[in-house]
Protein chains: 4
Amino acid sequence: MVIVMNARASDDEVASVTDRVTELGFQAHLSRGSERTIIGVIGDERPVDPEVFEALPGVERVVRILHPAKLASRDFQPEDHVIELPNGAKLGGGQVSVMAGPCAVESREQVEGAAEVVARQGVRILRGGAFKPRTSPYSFQGLGEKGLLLLREVADELGMAVITEVVTPQDVPLVSRHAEMLQVGARNMANFSLLKAVGDSGRPVLLKRGLGSTLDELLQAAEYILAQGNRDVALCERGIRTFETSTRFTLDINAIPVLKQLTSLPVVVDPSHATGKAELVAPVALAGIAAGADGLLVEVHPNPREALSDGAQSLDPEGFAGLMDSVKKLAEALGRTAA
Amino acid sequence: MVIVMNARASDDEVASVTDRVTELGFQAHLSRGSERTIIGVIGDERPVDPEVFEALPGVERVVRILHPAKLASRDFQPEDHVIELPNGAKLGGGQVSVMAGPCAVESREQVEGAAEVVARQGVRILRGGAFKPRTSPYSFQGLGEKGLLLLREVADELGMAVITEVVTPQDVPLVSRHAEMLQVGARNMANFSLLKAVGDSGRPVLLKRGLGSTLDELLQAAEYILAQGNRDVALCERGIRTFETSTRFTLDINAIPVLKQLTSLPVVVDPSHATGKAELVAPVALAGIAAGADGLLVEVHPNPREALSDGAQSLDPEGFAGLMDSVKKLAEALGRTAA
Amino acid sequence: MVIVMNARASDDEVASVTDRVTELGFQAHLSRGSERTIIGVIGDERPVDPEVFEALPGVERVVRILHPAKLASRDFQPEDHVIELPNGAKLGGGQVSVMAGPCAVESREQVEGAAEVVARQGVRILRGGAFKPRTSPYSFQGLGEKGLLLLREVADELGMAVITEVVTPQDVPLVSRHAEMLQVGARNMANFSLLKAVGDSGRPVLLKRGLGSTLDELLQAAEYILAQGNRDVALCERGIRTFETSTRFTLDINAIPVLKQLTSLPVVVDPSHATGKAELVAPVALAGIAAGADGLLVEVHPNPREALSDGAQSLDPEGFAGLMDSVKKLAEALGRTAA
Amino acid sequence: MVIVMNARASDDEVASVTDRVTELGFQAHLSRGSERTIIGVIGDERPVDPEVFEALPGVERVVRILHPAKLASRDFQPEDHVIELPNGAKLGGGQVSVMAGPCAVESREQVEGAAEVVARQGVRILRGGAFKPRTSPYSFQGLGEKGLLLLREVADELGMAVITEVVTPQDVPLVSRHAEMLQVGARNMANFSLLKAVGDSGRPVLLKRGLGSTLDELLQAAEYILAQGNRDVALCERGIRTFETSTRFTLDINAIPVLKQLTSLPVVVDPSHATGKAELVAPVALAGIAAGADGLLVEVHPNPREALSDGAQSLDPEGFAGLMDSVKKLAEALGRTAA
């Protein structure tokens with residue numbers, strides 16, 4: 001940390017800050033400039049809240065030097081982390097992995113229809129929502145455990161792994177019984193009780209970035225899971241809130257290479273939620289791959305016009321086939337493989 | 001809802017949209033303009049997801065006409081709702097109510113110190129965090145149940161009510177035993193399992209706006225609680241994420257009069273989290289009152305320089321006395337009372 | 001400036017950065033921490049672009065220590081600056097100054113009607129747009145010079161000063177002939193040619209914050225004007241772009257006390273543009289005053305229902321009288337005067 | 001337009017709105033729903049400001065149906081527009097065009113060095129800034145006319161076209177003499193005087209999106225140029241302001257396919273400004289192409305470590321060669337050509 005004193009800070013104030021620094025077990029390193037005095041804090045700053053210093057008289061502001069997430073950082077773990085699922089599907093390490101399926105599980109016919117469509121294109125991880133966090137209490141909230149069972153059955157028939165969202169700590173054991181991979185949704189990225197519970201689950205976790213969350217906060221949310229001893233965390237960029245209204249969210253494409261620099265965890269893009277419109281899914285998905293993403297999370301519905309939720313952003317079978325064709329060409333051009 | 005067809009939509013596409021509208025139990029009302037056909041959907045649109053229509057061919061976009069939250073709307077309940085706590089403290093209905101106390105409960109001395117400071121200024125609702133949602137897993141996470149007991153004891157000595165945050169559905173019964181009012185934090189605004197649990201608790205709830213959430217979403221989150229039969233919901237503006245970096249968040253002051261128009265629920269401002277800096281708390285708190293807020297949620301610490309969390313944004317006893325003095329003058333000038 | 005080297009920076013890279021630092025006339029001050037080396041740059045950093053160092057190998061990031069605006073800073077000029085207009089109206093230094101009038105000048109009757117309404121309430125500065133920057137080329141673009149003459153005549157009749165917008169450097173001499181104070185609109189905040197031109201004009205300038213601009217950038221835009229030798233600059237917060245859509249912009253209320261700390265220039269709030277709705281103008285205006293603003297810029301129209309632009313956000317005569325009544329009470333309660 | 005009346009609007013208020021609609025030359029089309037009355041406005045709504053109706057009593061809000069930009073819309077001009085420069089370089093229509101060169105012109109050696117590097121990779125349009133809009137008045141402001149002459153000479157030697165920024169209407173004739181294509185920077189996107197001047201210049205224009213501007217506003221800014229009779233407008237996404245601080249701006253990748261749908265004008269991506277960091281330029285540039293952009297605007301410096309501005313985001317010769325190699329492979333994989 002670097003503590004910047006304000007222009008009018010007295011010598012006593014500076015001394016009392018350096019005292020506090022050493023009292024907390026750090027070394028203080030003083031630099032007196034022409035207009036400001038700054039105090040370097042030498043030591044592992046991560047457990048210390050910058051406010052501890054900001055609250056002292058004469059302090060203008062405090063600048064963190066270290067990224068607050070340690071286990072999640074590439075400094076700590078330089079090699080790309082690869083998540084392996086029981087059916088052999090992998091996430092991370094250069095190949096392009098596609099997870100696809102319906103937004104919400106509605107019926108056996110629908111899940112089967114969607115799963116067959118995506119399996120035919122080589123997809124080995126079936127996504128589908130059984131517990132749906134919905135903005136309005138009047139919207140369809142998912143089939144719950146019944147939905148989990150449908151996903152499991154269909155996936156087993158096709159040799160696929162299941163990834164599905166878990167929304168509350170109590171449900172983690174139930175969902176872990178039926179799914180190979182747990183998803184923490186954007187609205188729960190900072191639900192720290194849930195992060196600890198999935199950290200303890202023994203299941204790989206896909207952690208979606210909150211719609212108002214910075215990349216630093218995303219890495220710290222991952223740190224909650226990693227700190228429970230669970231190494232299998234993948235991060236998902238799914239669009240953030242901005243002033244632009246022509247799309248539901250704004251996919252932060254810069255986030256892909258930034259995350260790949262900062263962490264060795266796999267990074268996935270969700271073009272369906274980031275755009276909210278089926279016709280934008282393919283170009284944004286391809287952009288994600290071109291920017292270096294390790295995979296995609298895509299909504300596919302056998303008949304989007306009858307979907308109970310998120311129909312407008314779901315690809316139909318033809319649209320998905322077209323996307324996968326482009327993904328494969330693109331991956332090849334970039335010297336990667338797609339599955 | 002109004003469905004806008006795109007410029008090239010065929011008659012068949014228009015017909016198939018109107019069919020879907022009537023199939024779902026609405027009346028369709030067609031307007032053919034010079035460049036676009038629009039279809040009015042007559043009926044209570046709230047249970048229907050706009051995507052149901054957006055997914056149909058030829059549809060350009062769908063515009064909601066009704067606010068999706070019903071119970072929370074002033075249309076539904078025109079009179080200001082007043083929340084009454086067992087000790088006689090009130091929230092809503094024109095007076096200015098102040099809830100104050102430490103960010104996190106650290107020790108009996110600290111809670112007592114803070115509570116005495118705020119009680120001396122006439123505050124009747126003691127705030128304090130026992131379960132702390134923290135961005136980093138390495139930060140102080142609160143004292144948990146022990147903290148609740150400390151809050152309860154100190155509040156009882158001073159005849160105060162307790163408001164404290166609950167972070168997970170399992171903890172709702174425990175927290176409800178010790179606190180008169182439950183707080184749902186910004187990071188949990190869209191934690192729908194938690195919203196349902198506090199809705200069932202029988203306790204008044206202070207619901208904080210998510211840092212990336214619109215006012216419409218805040219009202220829909222309130223709707224989750226109201227839909228469980230709990231009428232005692234207050235809303236809290238505590239700052240949103242914007243590009244400005246000189247303060248931690250940007251208090252959306254427009255939100256105060258907008259919410260007062262849209263809903264009859266009490267509206268509270270949290271100047272401590274919205275600014276992150278003690279010296280900005282008073283001006284922003286006064287602004288909130290001037291804009292029409294029903295109350296304030298303020299962090300006070302007997303000695304901010306030793307706080308374990310959020311010291312930089314906590315008022316010291318003198319600062320809090322100064323704020324309350326101004327609040328009273330301001331309330332009086334505006335024809336309101338403060339407590 | 002503080003230069004943070006990345007975790008893998010070599011000694012050679014560190015040495016080559018410190019060489020560059022001294023080469024540019026600064027002293028380098030090295031701190032080796034456990035995980036990062038940081039280099040303090042001692043000297044007046046303002047003329048140096050941080051990218052000069054960011055482009056060097058091994059550099060992770062560069063943190064500015066000094067605010068880049070010097071003349072605009074309170075460090076440089078500690079006393080509140082007061083702008084005095086020829087008719088005796090003042091802006092800054094504790095009193096609350098109101099500038100009011102129509103959005104766009106439409107006709108003599110309209111300007112006269114609005115001016116009489118606001119003069120009756122004690123307002124001494126008439127605002128009105130003759131050159132209107134409009135988002136669409138098909139919207140009413142203002143009356144130009146004819147509008148300036150109308151403003152001037154009506155203001156002279158009532159002993160008022162005129163403030164009006166100038167949109168291009170060529171028009172600065174013309175507008176300066178007819179108006180006592182020049183306004184630079186939000187869309188031109190970073191039009192540096194215009195800033196230099198108004199800096200040279202000898203007229204006081206009201207500089208509006210850009211809708212996507214930080215407070216640091218606002219102060220640097222003011223610096224362009226001040227650097228031309230023009231001390232009479234006032235700053236205006238008029239709402240920024242955020243994800244919230246219930247109001248046209250989000251007034252950044254935190255900006256008021258932050259600016260009052262950073263600079264001694266007067267700070268004004270524009271509640272009309274910040275909200276876009278007449279019924280929100282009064283609460284947001286009062287909030288601005290309560291937060292410490294030195295004045296208001298308010299749109300008033302004798303008959304908003306017939307306005308050619310911005311009718312929805314213009315106060316009618318009754319609304320304006322109500323606002324001024326509250327402003328006076330509020331100013332008095334806060335120990336200030338209003339005019 | 002659709003006018004939504006509020007829940008308590010009286011029959012008289014509805015009648016007075018429909019009167020105003022017909023008075024302005026439109027047809028009014030009334031729909032009475034269960035909770036709201038809505039009024040469709042039939043006719044070309046573009047010249048009418050929604051506020052004309054929003055200011056009427058009983059109106060809750062007004063929804064635009066047509067995109068306010070007409071000439072810029074794909075409805076108006078369905079075929080992709082291709083801009084052709086005198087040296088045969090093209091922009092638009094499926095191929096990938098790269099414009100590259102230094103941020104600011106610093107010296108003949110520097111321009112020549114950069115131009116040779118980019119020409120060697122097949123680039124036919126040389127970019128370079130002679131007039132530099134800089135946030136701080138103390139930063140290097142460009143060489144002005146001398147810079148233009150250097151660009152011209154070097155471009156002529158290599159058979160390249162020149163694109164360069166113009167910052168004020170007075171400079172349009174001068175810049176038009178020396179450059180084949182004019183650039184309007186992000187900070188001037190809503191400088192309507194400048195837009196009209198470049199519209200009159202007879203030169204193709206690259207219009208950059210403002211950092212706080214919506215896509216609708218970008219299209220309306222383009223409309224200003226088109227309305228002067230200049231068809232040769234290209235749009236540039238260069239990053240918007242969001243809450244994320246790990247990159248200078250957030251490239252709105254969704255904007256690429258959205259713009260390609262809404263308009264037939266060429267769409268270009270500027271990965272240098274959007275990220276602010278050289279190591280992020282290539283992944284974000286490739287993402288832009290994969291999303292469908294017609295071209296790139298890239299900063300290249302023969303020796304970024306000595307650049308006077310934007311060194312941190314400039315590619316060195318090796319980095320640029322690597323980028324172009326990937327661009328060509330990517331374009332080929334997508335069935336397009338790159339130059």
# chains A, B, ... in the order shown; residues from 1 in each chain; ligands from 1
>>> select_by_dssp(residues="stretch 153-324 of chain B", states="strand (DSSP E)", output="mmCIF file with C-alpha atoms, in the first residue's frame")
data_model
loop_
_atom_site.group_PDB
_atom_site.id
_atom_site.type_symbol
_atom_site.label_atom_id
_atom_site.label_comp_id
_atom_site.auth_asym_id
_atom_site.auth_seq_id
_atom_site.Cartn_x
_atom_site.Cartn_y
_atom_site.Cartn_z
ATOM 1 C CA ALA B 161 -34.645 -0.950 18.517
ATOM 2 C CA VAL B 162 -32.009 -2.931 16.599
ATOM 3 C CA ILE B 163 -31.581 -3.104 12.848
ATOM 4 C CA THR B 164 -28.951 -5.504 11.535
ATOM 5 C CA GLU B 165 -28.067 -7.270 8.332
ATOM 6 C CA MET B 181 -35.722 -4.904 11.839
ATOM 7 C CA LEU B 182 -33.781 -6.897 9.259
ATOM 8 C CA GLN B 183 -31.502 -5.360 6.686
ATOM 9 C CA VAL B 184 -30.884 -6.883 3.262
ATOM 10 C CA VAL B 205 -37.147 -5.135 6.357
ATOM 11 C CA LEU B 206 -34.785 -2.452 5.114
ATOM 12 C CA LEU B 207 -33.903 -3.349 1.526
ATOM 13 C CA LYS B 208 -30.812 -1.739 0.069
ATOM 14 C CA VAL B 233 -40.545 -2.788 3.707
ATOM 15 C CA ALA B 234 -38.341 0.298 3.535
ATOM 16 C CA LEU B 235 -36.022 1.047 0.625
ATOM 17 C CA CYS B 236 -32.493 2.379 0.912
ATOM 18 C CA GLU B 237 -30.464 4.293 -1.676
ATOM 19 C CA VAL B 267 -37.184 5.677 1.478
ATOM 20 C CA VAL B 268 -33.911 5.988 3.371
ATOM 21 C CA VAL B 269 -30.466 7.266 2.381
ATOM 22 C CA GLY B 295 -34.585 8.747 7.029
ATOM 23 C CA LEU B 296 -30.885 8.127 7.213
ATOM 24 C CA LEU B 297 -28.672 5.148 7.926
ATOM 25 C CA VAL B 298 -25.397 6.460 9.321
ATOM 26 C CA GLU B 299 -22.216 4.828 10.550
#
>>> interface_residues(of="chain C", to="chain A", cutoff="9 Å", atoms="only C-alpha atoms", output="ChimeraX atom specification")
/C:2,4,7-8,29,31-36,38,40-44,63,65-66,75,241-245
>>> residues_around(residues="A:Gln170", least_positions_apart="2", cutoff="9 Å", atoms="only C-alpha atoms", output="PyMOL selection string")
(chain A and resi 167-168+172-174+194+197) or (chain B and resi 169-170)
>>> write_last_selection(atoms="C-alpha atoms", output="PDB file, in the first residue's frame")
ATOM      1  CA  VAL A 167     -28.990 -20.093  -5.731  1.00  0.00           C
ATOM      2  CA  THR A 168     -28.815 -20.753  -2.015  1.00  0.00           C
ATOM      3  CA  VAL A 172     -25.719 -27.032  -2.720  1.00  0.00           C
ATOM      4  CA  PRO A 173     -25.808 -30.701  -1.579  1.00  0.00           C
ATOM      5  CA  LEU A 174     -28.885 -31.441  -3.702  1.00  0.00           C
ATOM      6  CA  LEU A 194     -23.113 -19.294  -1.231  1.00  0.00           C
ATOM      7  CA  ALA A 197     -20.851 -23.449   0.294  1.00  0.00           C
TER       8      ALA A 197
ATOM      9  CA  PRO B 169     -31.872 -17.538   4.583  1.00  0.00           C
ATOM     10  CA  GLN B 170     -30.751 -19.921   7.343  1.00  0.00           C
TER      11      GLN B 170
END
>>> residues_around(residues="C:Lys146", least_positions_apart="5", cutoff="12 Å", atoms="only C-alpha atoms", output="MDAnalysis selection string")
chainID C and resid 104:108 129:131 151:153 174:175 178
>>> residues_around(residues="C:Pro283", least_positions_apart="6", cutoff="8 Å", atoms="only C-alpha atoms", output="count of residues only")
4
>>> select_by_dssp(residues="stretch 49-191 of chain B", states="alpha helix (DSSP H)", output="PyMOL selection string")
chain B and resi 51-54+108-120+145-158+172-178
>>> write_last_selection(atoms="N, CA, C and O atoms", output="compact mmCIF listing (two decimals), in the first residue's frame")
# COMPACT_ATOMS: atom_id res chain seq x y z
N GLU B 51 -39.96 -11.23 -23.43
CA GLU B 51 -39.23 -12.08 -24.38
C GLU B 51 -40.15 -13.05 -25.10
O GLU B 51 -39.81 -13.53 -26.19
N VAL B 52 -41.28 -13.35 -24.48
CA VAL B 52 -42.24 -14.23 -25.14
C VAL B 52 -42.59 -13.66 -26.52
O VAL B 52 -42.77 -14.40 -27.49
N PHE B 53 -42.67 -12.34 -26.60
CA PHE B 53 -42.97 -11.72 -27.89
C PHE B 53 -41.70 -11.37 -28.68
O PHE B 53 -41.66 -11.46 -29.90
N GLU B 54 -40.66 -10.98 -27.96
CA GLU B 54 -39.42 -10.61 -28.65
C GLU B 54 -38.84 -11.77 -29.46
O GLU B 54 -38.11 -11.56 -30.42
N ARG B 108 -18.10 -5.01 23.20
CA ARG B 108 -19.15 -4.40 24.00
C ARG B 108 -18.87 -2.91 24.21
O ARG B 108 -19.77 -2.07 24.10
N GLU B 109 -17.61 -2.58 24.46
CA GLU B 109 -17.25 -1.18 24.70
C GLU B 109 -17.59 -0.32 23.47
O GLU B 109 -18.11 0.78 23.60
N GLN B 110 -17.25 -0.87 22.31
CA GLN B 110 -17.46 -0.10 21.09
C GLN B 110 -18.95 0.12 20.83
O GLN B 110 -19.39 1.23 20.53
N VAL B 111 -19.75 -0.95 20.95
CA VAL B 111 -21.19 -0.81 20.69
C VAL B 111 -21.80 0.15 21.70
O VAL B 111 -22.59 1.03 21.35
N GLU B 112 -21.41 -0.02 22.96
CA GLU B 112 -21.96 0.86 24.00
C GLU B 112 -21.58 2.31 23.73
O GLU B 112 -22.40 3.22 23.81
N GLY B 113 -20.32 2.50 23.39
CA GLY B 113 -19.84 3.86 23.11
C GLY B 113 -20.65 4.49 21.99
O GLY B 113 -21.15 5.62 22.11
N ALA B 114 -20.79 3.75 20.88
CA ALA B 114 -21.52 4.30 19.73
C ALA B 114 -22.99 4.52 20.07
O ALA B 114 -23.58 5.54 19.73
N ALA B 115 -23.59 3.55 20.76
CA ALA B 115 -25.02 3.63 21.05
C ALA B 115 -25.31 4.82 21.95
O ALA B 115 -26.31 5.54 21.77
N GLU B 116 -24.45 5.05 22.93
CA GLU B 116 -24.69 6.20 23.81
C GLU B 116 -24.59 7.51 23.05
O GLU B 116 -25.39 8.43 23.25
N VAL B 117 -23.63 7.58 22.15
CA VAL B 117 -23.47 8.80 21.34
C VAL B 117 -24.73 9.07 20.53
O VAL B 117 -25.22 10.19 20.47
N VAL B 118 -25.26 8.05 19.90
CA VAL B 118 -26.40 8.30 19.00
C VAL B 118 -27.69 8.46 19.80
O VAL B 118 -28.55 9.27 19.44
N ALA B 119 -27.83 7.72 20.90
CA ALA B 119 -29.04 7.86 21.72
C ALA B 119 -29.13 9.28 22.28
O ALA B 119 -30.21 9.87 22.38
N ARG B 120 -27.98 9.82 22.67
CA ARG B 120 -27.94 11.18 23.21
C ARG B 120 -28.50 12.20 22.21
O ARG B 120 -29.02 13.23 22.60
N GLU B 145 -23.31 -14.45 15.96
CA GLU B 145 -24.33 -14.43 17.01
C GLU B 145 -23.87 -13.62 18.23
O GLU B 145 -24.68 -12.93 18.85
N LYS B 146 -22.60 -13.72 18.54
CA LYS B 146 -22.10 -12.95 19.68
C LYS B 146 -22.36 -11.46 19.48
O LYS B 146 -22.73 -10.73 20.41
N GLY B 147 -22.17 -11.01 18.25
CA GLY B 147 -22.41 -9.61 17.93
C GLY B 147 -23.88 -9.24 18.10
O GLY B 147 -24.23 -8.16 18.60
N LEU B 148 -24.75 -10.16 17.69
CA LEU B 148 -26.20 -9.92 17.84
C LEU B 148 -26.56 -9.71 19.31
O LEU B 148 -27.35 -8.82 19.66
N LEU B 149 -25.98 -10.56 20.15
CA LEU B 149 -26.30 -10.47 21.59
C LEU B 149 -25.83 -9.14 22.17
O LEU B 149 -26.53 -8.51 22.97
N LEU B 150 -24.64 -8.71 21.74
CA LEU B 150 -24.13 -7.42 22.22
C LEU B 150 -25.06 -6.28 21.81
O LEU B 150 -25.39 -5.40 22.62
N LEU B 151 -25.47 -6.30 20.56
CA LEU B 151 -26.38 -5.25 20.07
C LEU B 151 -27.66 -5.22 20.90
O LEU B 151 -28.15 -4.17 21.32
N ARG B 152 -28.20 -6.43 21.12
CA ARG B 152 -29.47 -6.57 21.84
C ARG B 152 -29.36 -6.00 23.26
O ARG B 152 -30.21 -5.22 23.71
N GLU B 153 -28.29 -6.40 23.95
CA GLU B 153 -28.12 -5.95 25.33
C GLU B 153 -28.02 -4.44 25.42
O GLU B 153 -28.68 -3.79 26.24
N VAL B 154 -27.16 -3.88 24.56
CA VAL B 154 -26.94 -2.43 24.60
C VAL B 154 -28.23 -1.69 24.23
O VAL B 154 -28.60 -0.69 24.86
N ALA B 155 -28.93 -2.20 23.20
CA ALA B 155 -30.17 -1.54 22.78
C ALA B 155 -31.19 -1.58 23.91
O ALA B 155 -31.88 -0.59 24.19
N ASP B 156 -31.28 -2.72 24.59
CA ASP B 156 -32.26 -2.84 25.68
C ASP B 156 -31.96 -1.85 26.79
O ASP B 156 -32.88 -1.22 27.35
N GLU B 157 -30.70 -1.70 27.13
CA GLU B 157 -30.34 -0.73 28.17
C GLU B 157 -30.82 0.67 27.83
O GLU B 157 -31.18 1.45 28.72
N LEU B 158 -30.78 0.99 26.51
CA LEU B 158 -31.08 2.37 26.10
C LEU B 158 -32.47 2.52 25.49
O LEU B 158 -32.83 3.59 24.98
N VAL B 172 -32.11 -16.19 9.10
CA VAL B 172 -33.25 -15.29 9.33
C VAL B 172 -33.91 -15.53 10.69
O VAL B 172 -34.16 -14.57 11.44
N PRO B 173 -34.18 -16.79 11.09
CA PRO B 173 -34.82 -16.99 12.41
C PRO B 173 -33.95 -16.46 13.55
O PRO B 173 -34.45 -15.77 14.44
N LEU B 174 -32.65 -16.74 13.50
CA LEU B 174 -31.75 -16.27 14.55
C LEU B 174 -31.74 -14.74 14.64
O LEU B 174 -31.92 -14.16 15.71
N VAL B 175 -31.55 -14.10 13.51
CA VAL B 175 -31.47 -12.63 13.52
C VAL B 175 -32.81 -12.04 13.94
O VAL B 175 -32.86 -11.05 14.68
N SER B 176 -33.91 -12.65 13.50
CA SER B 176 -35.24 -12.14 13.86
C SER B 176 -35.48 -12.20 15.37
O SER B 176 -36.27 -11.43 15.91
N ARG B 177 -34.85 -13.14 16.04
CA ARG B 177 -35.01 -13.24 17.50
C ARG B 177 -34.38 -12.04 18.20
O ARG B 177 -34.86 -11.61 19.24
N HIS B 178 -33.30 -11.53 17.62
CA HIS B 178 -32.54 -10.50 18.33
C HIS B 178 -32.75 -9.09 17.81
O HIS B 178 -32.33 -8.13 18.45
>>> residues_around(residues="stretch 76-89 of chain B", least_positions_apart="4", cutoff="10 Å", atoms="only C-alpha atoms", output="VMD selection string")
chain B and resid 69 to 72 93 to 95 97 to 98 123 to 125 156 159 to 162 180 to 181 203 to 205 231 to 234 260 to 266 294 339
>>> decode(residues="stretch 83-115 of chain A", atoms="C-alpha atoms", output="mmCIF file, in the first residue's frame")
data_model
loop_
_atom_site.group_PDB
_atom_site.id
_atom_site.type_symbol
_atom_site.label_atom_id
_atom_site.label_comp_id
_atom_site.auth_asym_id
_atom_site.auth_seq_id
_atom_site.Cartn_x
_atom_site.Cartn_y
_atom_site.Cartn_z
ATOM 1 C CA ILE A 83 -10.891 -28.273 -15.097
ATOM 2 C CA GLU A 84 -11.653 -31.891 -15.988
ATOM 3 C CA LEU A 85 -15.153 -33.316 -15.714
ATOM 4 C CA PRO A 86 -15.931 -37.015 -15.174
ATOM 5 C CA ASN A 87 -17.060 -37.517 -18.786
ATOM 6 C CA GLY A 88 -13.720 -36.255 -20.044
ATOM 7 C CA ALA A 89 -14.856 -32.756 -20.972
ATOM 8 C CA LYS A 90 -12.289 -30.098 -20.163
ATOM 9 C CA LEU A 91 -12.345 -26.374 -19.546
ATOM 10 C CA GLY A 92 -9.213 -24.245 -19.856
ATOM 11 C CA GLY A 93 -5.750 -24.601 -21.308
ATOM 12 C CA GLY A 94 -6.263 -23.338 -24.814
ATOM 13 C CA GLN A 95 -9.089 -25.377 -26.264
ATOM 14 C CA VAL A 96 -12.523 -23.808 -26.800
ATOM 15 C CA SER A 97 -15.187 -25.540 -24.698
ATOM 16 C CA VAL A 98 -18.854 -24.928 -25.343
ATOM 17 C CA MET A 99 -21.536 -25.372 -22.701
ATOM 18 C CA ALA A 100 -24.994 -25.166 -24.196
ATOM 19 C CA GLY A 101 -28.627 -25.912 -23.521
ATOM 20 C CA PRO A 102 -31.877 -24.253 -22.549
ATOM 21 C CA CYS A 103 -32.101 -21.236 -20.232
ATOM 22 C CA ALA A 104 -34.720 -22.892 -18.026
ATOM 23 C CA VAL A 105 -35.684 -26.547 -17.942
ATOM 24 C CA GLU A 106 -39.337 -26.638 -18.986
ATOM 25 C CA SER A 107 -40.109 -30.250 -19.895
ATOM 26 C CA ARG A 108 -38.437 -33.502 -20.825
ATOM 27 C CA GLU A 109 -39.189 -32.916 -24.504
ATOM 28 C CA GLN A 110 -37.572 -29.504 -24.419
ATOM 29 C CA VAL A 111 -34.417 -30.605 -22.602
ATOM 30 C CA GLU A 112 -34.062 -33.624 -24.825
ATOM 31 C CA GLY A 113 -34.604 -31.541 -27.948
ATOM 32 C CA ALA A 114 -32.005 -28.986 -26.913
ATOM 33 C CA ALA A 115 -29.508 -31.577 -25.691
#
